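The structure file entry.txt is reproduced below (compact mmCIF, C-alpha atoms).
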# COMPACT_ATOMS: atom_id res chain seq x y z
CA GLY A 148 55.36 70.26 145.95
CA GLY A 149 55.09 73.23 143.63
CA CYS A 150 54.51 75.94 146.26
CA HIS A 151 56.65 78.39 144.32
CA ASN A 152 55.94 81.43 146.51
CA LEU A 153 56.67 79.76 149.84
CA ASN A 154 60.21 80.64 150.88
CA SER A 155 60.12 80.38 154.69
CA ILE A 156 58.14 78.68 157.44
CA ASN A 157 58.08 79.38 161.16
CA PHE A 158 58.10 75.83 162.46
CA PRO A 159 56.45 75.60 165.91
CA SER A 160 58.32 74.11 168.86
CA SER A 161 55.49 71.56 169.19
CA LEU A 162 56.39 69.89 165.86
CA GLN A 163 57.24 66.21 166.37
CA TYR A 164 56.89 64.68 162.92
CA ILE A 165 57.64 65.55 159.30
CA GLY A 166 56.30 63.01 156.82
CA GLU A 167 57.93 61.60 153.70
CA ALA A 168 58.26 64.15 150.88
CA ALA A 169 56.50 66.75 153.04
CA PHE A 170 58.38 69.64 151.41
CA PHE A 171 59.27 68.01 148.11
CA PHE A 172 59.96 70.52 145.32
CA ILE A 173 59.08 73.57 147.43
CA TYR A 174 60.89 76.90 147.06
CA LEU A 175 61.87 76.92 150.72
CA GLY A 176 65.15 78.74 151.26
CA THR A 177 65.50 78.61 155.04
CA VAL A 178 64.71 75.56 157.12
CA ASN A 179 65.01 76.36 160.82
CA LEU A 180 63.86 73.49 162.97
CA SER A 181 66.09 74.36 165.91
CA ALA A 182 63.17 74.94 168.30
CA CYS A 183 61.48 71.62 167.50
CA ASN A 184 63.00 69.55 170.28
CA GLY A 185 60.41 66.80 169.98
CA LEU A 186 61.53 66.03 166.43
CA THR A 187 63.83 63.02 166.21
CA THR A 188 63.65 62.03 162.51
CA ILE A 189 63.83 63.77 159.15
CA SER A 190 61.74 61.46 157.00
CA GLY A 191 62.72 60.19 153.60
CA TRP A 192 62.49 62.65 150.70
CA ALA A 193 61.30 65.30 153.21
CA PHE A 194 63.08 68.21 151.49
CA GLN A 195 64.05 66.58 148.20
CA ASN A 196 64.39 69.00 145.29
CA SER A 197 63.62 72.00 147.48
CA SER A 198 65.48 75.31 147.43
CA VAL A 199 66.85 75.02 150.96
CA SER A 200 70.12 76.90 151.41
CA ASN A 201 70.14 77.48 155.18
CA LEU A 202 69.52 74.44 157.34
CA SER A 203 69.22 74.28 161.13
CA LEU A 204 68.13 71.12 162.93
CA PRO A 205 67.06 70.64 166.54
CA ALA A 206 69.46 69.01 169.00
CA SER A 207 67.00 66.12 169.31
CA ILE A 208 67.48 64.83 165.75
CA ASN A 209 68.63 61.21 165.71
CA THR A 210 67.95 59.89 162.19
CA ILE A 211 68.17 61.36 158.69
CA GLN A 212 66.26 59.05 156.39
CA SER A 213 67.00 58.24 152.74
CA TYR A 214 66.94 61.06 150.17
CA ALA A 215 65.94 63.59 152.87
CA PHE A 216 67.99 66.43 151.36
CA SER A 217 68.69 65.04 147.89
CA ILE A 218 68.68 67.39 144.89
CA CYS A 219 68.86 70.44 147.19
CA ASN A 220 70.96 72.43 144.75
CA ASN A 221 71.15 75.61 146.83
CA LEU A 222 72.67 73.75 149.76
CA THR A 223 76.41 74.47 149.89
CA GLN A 224 77.50 73.51 153.40
CA VAL A 225 76.24 71.16 156.08
CA ASP A 226 77.85 71.49 159.50
CA TRP A 227 76.42 69.05 162.02
CA SER A 228 79.63 68.80 164.03
CA ALA A 229 78.04 70.31 167.15
CA TYR A 230 75.07 67.93 167.24
CA THR A 231 75.22 65.20 169.87
CA ASN A 232 72.26 62.96 168.99
CA ILE A 233 72.52 62.35 165.22
CA GLU A 234 73.30 58.65 164.91
CA VAL A 235 71.95 57.46 161.57
CA LEU A 236 72.29 58.69 158.00
CA GLU A 237 70.38 56.30 155.79
CA ASP A 238 70.96 56.16 151.99
CA TYR A 239 71.33 58.90 149.36
CA VAL A 240 70.79 61.67 151.96
CA PHE A 241 72.62 64.30 149.85
CA TRP A 242 72.35 62.64 146.44
CA ARG A 243 72.70 65.14 143.55
CA CYS A 244 73.22 68.22 145.73
CA ASP A 245 75.03 69.99 142.91
CA ASN A 246 76.60 72.80 144.93
CA LEU A 247 77.33 71.04 148.20
CA ASN A 248 81.02 71.52 148.96
CA SER A 249 81.39 70.66 152.64
CA VAL A 250 79.86 68.15 155.07
CA LYS A 251 80.87 67.94 158.73
CA LEU A 252 79.51 65.06 160.79
CA PRO A 253 79.38 64.78 164.59
CA ARG A 254 80.91 62.31 167.04
CA SER A 255 77.50 60.68 167.59
CA VAL A 256 77.07 59.24 164.07
CA ASN A 257 77.32 55.45 164.17
CA SER A 258 75.64 54.41 160.92
CA ILE A 259 76.23 55.83 157.43
CA GLY A 260 74.32 54.26 154.56
CA TYR A 261 74.81 53.89 150.83
CA SER A 262 75.77 56.62 148.34
CA ASN A 263 75.06 59.57 150.59
CA PHE A 264 77.33 61.84 148.55
CA LEU A 265 76.69 60.39 145.09
CA SER A 266 76.75 62.99 142.30
CA CYS A 267 77.80 65.81 144.65
CA TYR A 268 80.37 67.00 142.14
CA LYS A 269 81.53 70.02 144.13
CA LEU A 270 81.98 68.15 147.40
CA THR A 271 85.63 68.38 148.37
CA ASP A 272 85.38 68.41 152.16
CA ILE A 273 84.08 65.44 154.15
CA ASN A 274 84.91 65.69 157.83
CA VAL A 275 84.00 63.64 160.88
CA ALA A 276 84.55 64.81 164.44
CA PRO A 277 87.92 63.46 165.65
CA ASP A 278 86.33 61.89 168.73
CA ASN A 279 83.78 59.87 166.73
CA PRO A 280 84.36 56.22 167.78
CA TYR A 281 83.02 54.72 164.54
CA PHE A 282 84.25 56.83 161.61
CA ALA A 283 87.21 58.95 160.56
CA THR A 284 88.34 60.94 157.55
CA THR A 285 91.71 61.25 155.94
CA ASP A 286 92.35 63.45 152.91
CA ASN A 287 88.57 63.98 152.66
CA VAL A 288 87.92 60.27 152.31
CA LEU A 289 85.44 58.70 154.72
CA MET A 290 86.68 55.57 156.49
CA ASN A 291 85.76 53.45 159.46
CA LYS A 292 87.63 54.28 162.66
CA ASP A 293 90.48 51.81 162.20
CA TYR A 294 90.97 52.80 158.55
CA THR A 295 90.32 49.29 157.23
CA SER A 296 87.14 50.12 155.29
CA LEU A 297 87.03 52.91 152.70
CA ILE A 298 83.44 54.18 152.63
CA ALA A 299 83.29 57.29 150.45
CA TYR A 300 85.68 59.38 148.37
CA ALA A 301 84.64 63.03 148.00
CA PRO A 302 83.39 63.26 144.38
CA GLY A 303 84.60 66.84 143.93
CA LYS A 304 88.24 66.14 144.71
CA THR A 305 90.38 67.42 141.85
CA ALA A 306 93.21 64.91 142.19
CA THR A 307 93.50 62.51 139.28
CA LYS A 308 95.28 59.79 141.27
CA TYR A 309 94.50 58.19 144.61
CA VAL A 310 96.73 55.87 146.60
CA VAL A 311 94.73 53.56 148.86
CA PRO A 312 96.15 53.55 152.40
CA ALA A 313 98.07 50.46 153.50
CA THR A 314 95.53 49.71 156.25
CA VAL A 315 92.55 49.27 153.89
CA THR A 316 91.08 45.79 153.52
CA ALA A 317 87.71 46.74 151.95
CA ILE A 318 86.47 49.30 149.45
CA GLY A 319 82.79 49.81 150.14
CA SER A 320 79.87 49.81 147.74
CA ALA A 321 79.85 52.93 145.54
CA ALA A 322 82.86 54.32 147.40
CA PHE A 323 84.34 55.86 144.23
CA ARG A 324 81.19 55.96 142.12
CA SER A 325 80.92 58.89 139.71
CA CYS A 326 84.12 60.69 140.68
CA PRO A 327 84.74 62.63 137.45
CA ASN A 328 88.36 63.67 138.03
CA LEU A 329 89.75 60.35 139.21
CA THR A 330 91.63 58.41 136.54
CA SER A 331 94.14 56.33 138.51
CA VAL A 332 93.87 54.23 141.70
CA ASP A 333 96.86 52.51 143.25
CA ALA A 334 96.03 49.95 145.92
CA GLN A 335 99.10 47.76 145.49
CA ASN A 336 100.46 48.43 148.98
CA SER A 337 97.14 47.98 150.74
CA GLN A 338 95.74 44.85 152.37
CA LEU A 339 92.65 44.96 150.15
CA THR A 340 90.55 41.80 150.00
CA SER A 341 87.14 43.02 148.78
CA ILE A 342 85.65 45.61 146.43
CA GLY A 343 81.97 46.39 146.88
CA SER A 344 79.22 46.72 144.30
CA ASN A 345 79.35 49.79 142.07
CA ALA A 346 82.61 50.78 143.75
CA PHE A 347 84.00 52.53 140.65
CA ASN A 348 80.83 52.70 138.56
CA SER A 349 80.92 55.63 136.09
CA THR A 350 84.34 56.88 137.20
CA PRO A 351 86.71 57.57 134.28
CA LEU A 352 89.51 55.29 135.43
CA THR A 353 92.26 54.59 132.94
CA GLU A 354 94.33 52.45 135.27
CA ILE A 355 94.05 50.57 138.55
CA THR A 356 96.53 48.47 140.47
CA LEU A 357 95.28 45.97 143.02
CA PRO A 358 97.16 43.72 145.43
CA ALA A 359 97.15 39.93 145.10
CA THR A 360 95.19 39.76 148.36
CA VAL A 361 91.91 40.66 146.59
CA THR A 362 89.46 37.76 146.77
CA SER A 363 86.12 39.41 145.97
CA ILE A 364 84.94 41.94 143.38
CA ALA A 365 81.19 42.58 143.61
CA THR A 366 78.61 43.28 140.90
CA TYR A 367 79.00 46.35 138.73
CA ALA A 368 82.23 47.31 140.52
CA PHE A 369 83.71 48.65 137.26
CA ARG A 370 80.50 49.28 135.32
CA TYR A 371 80.74 52.13 132.79
CA CYS A 372 84.51 52.42 133.29
CA SER A 373 84.86 52.67 129.53
CA GLU A 374 88.30 54.33 129.66
CA LEU A 375 89.90 51.59 131.76
CA SER A 376 92.84 50.23 129.79
CA THR A 377 95.27 49.06 132.49
CA PHE A 378 94.24 46.59 135.19
CA LYS A 379 97.18 45.30 137.21
CA ILE A 380 97.45 42.78 140.02
CA TYR A 381 100.54 43.51 142.07
CA ASN A 382 102.19 40.37 143.40
CA PRO A 383 105.63 41.11 144.86
CA VAL A 384 108.13 38.27 144.74
For the file at hand, write its structure as structure tokens.
Amino acid sequence: GGCHNLNSINFPSSLQYIGEAAFFFIYLGTVNLSACNGLTTISGWAFQNSSVSNLSLPASINTIQSYAFSICNNLTQVDWSAYTNIEVLEDYVFWRCDNLNSVKLPRSVNSIGYSNFLSCYKLTDINVAPDNPYFATTDNVLMNKDYTSLIAYAPGKTATKYVVPATVTAIGSAAFRSCPNLTSVDAQNSQLTSIGSNAFNSTPLTEITLPATVTSIATYAFRYCSELSTFKIYNPV
């Protein structure tokens, strides 16, 4: 890190490996790896805290490891919808990308890890290709394909209230973590049974309504929800 005068690199087509934190804290504005068709993985922390604003990956990319593009504050949009080989996003891939407002994921993605969009406070658009067999989005909320598991709520959404869809049985770990505008969640008409760890951690909820079907609330689910004053369990007669 610390190569403050390096703003672009001509990556050779022969490149097959980028190591962990290879371009950490480098003033690299354009990352064009499109010719590197032997490259299958972006290693963990590879571009963390860099100045990347334009990002092009090769068609061969299969896995984006943890923290690969975290704290890339010049990154505003990621459109991977045309890629056909990206299958795995590990954890915290876009953590603290302050200006990221849109992420589009392809049909090939079959594994999405923990807190990939945490602290992306301008992110309002999460979209998955409609023909993806594993994931879907509705109202910029990431779900599994059958809409039973709520995986991630876009942190930049301006709505203050969210109504959990009737199909949902599980709210995933950190699904609503650090969503600064969200103050009310209504899940009373859902089939919710479980709430994952850190699900609402550091979100300024004032009220939440859960159905009587809930059987499990994991660790730190409501940690730092200091404004929470109304906690209801809806049990229709």
Could you name the residues that touch Ser190 (chain A) at 9 Å or less, counting only C-alpha atoms, but leaving out those on the same chain fewer than 3 positions away, as a VMD selection string?
chain A and resid 164 to 169 193 to 194 210 to 215
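Around the point (78.7, 56.0, 137.4), within 7 Å and counting all atoms listed in the file, we find these residues: Arg324, Ser325, Asn348, Ser349, Thr350 and Tyr371 of chain A.
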As an exercise, work out the distance from CA of Asp286 (chain A) to CA of Lys304 (chain A) in Å and give it to one decimal place.
9.6 Å
In terms of the shortest atom-to-atom distance over only C-alpha atoms, which of A:Phe282, A:Phe158, A:Phe347, A:Tyr239 is closest to Tyr367 (chain A)?
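Ranking A:Phe282, A:Phe158, A:Phe347, A:Tyr239 by distance to Tyr367 (chain A), first place goes to A:Phe347.
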Quick one: everything within 7 Å of Ser228 (chain A), counting all atoms listed in the file, minus sequence neighbours fewer than 5 positions away in the same chain. Send it as a list of chain:residue names.
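Here the answer would be A:Lys251, A:Leu252, A:Pro253, A:Ala276.
Considering only C-alpha atoms, the residue among A:Ser160, A:Asn287, A:Ser376, A:Asn209 positioned nearest to Ile233 (chain A) is A:Asn209.
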What gap, in Å, lies between CA of Ile208 (chain A) and CA of Ala182 (chain A)?
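One can read the CA of Ile208 (chain A) to CA of Ala182 (chain A) distance as 11.3 Å.
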Using only C-alpha atoms, can you tell me which of A:Thr284, A:Ser262, A:Thr295, A:Asn336 comes closest to Ser217 (chain A)?
A:Ser262
Can you tell me how far CA of Lys379 (chain A) sits from CA of Ala299 (chain A), in Å to one decimal?
22.6 Å
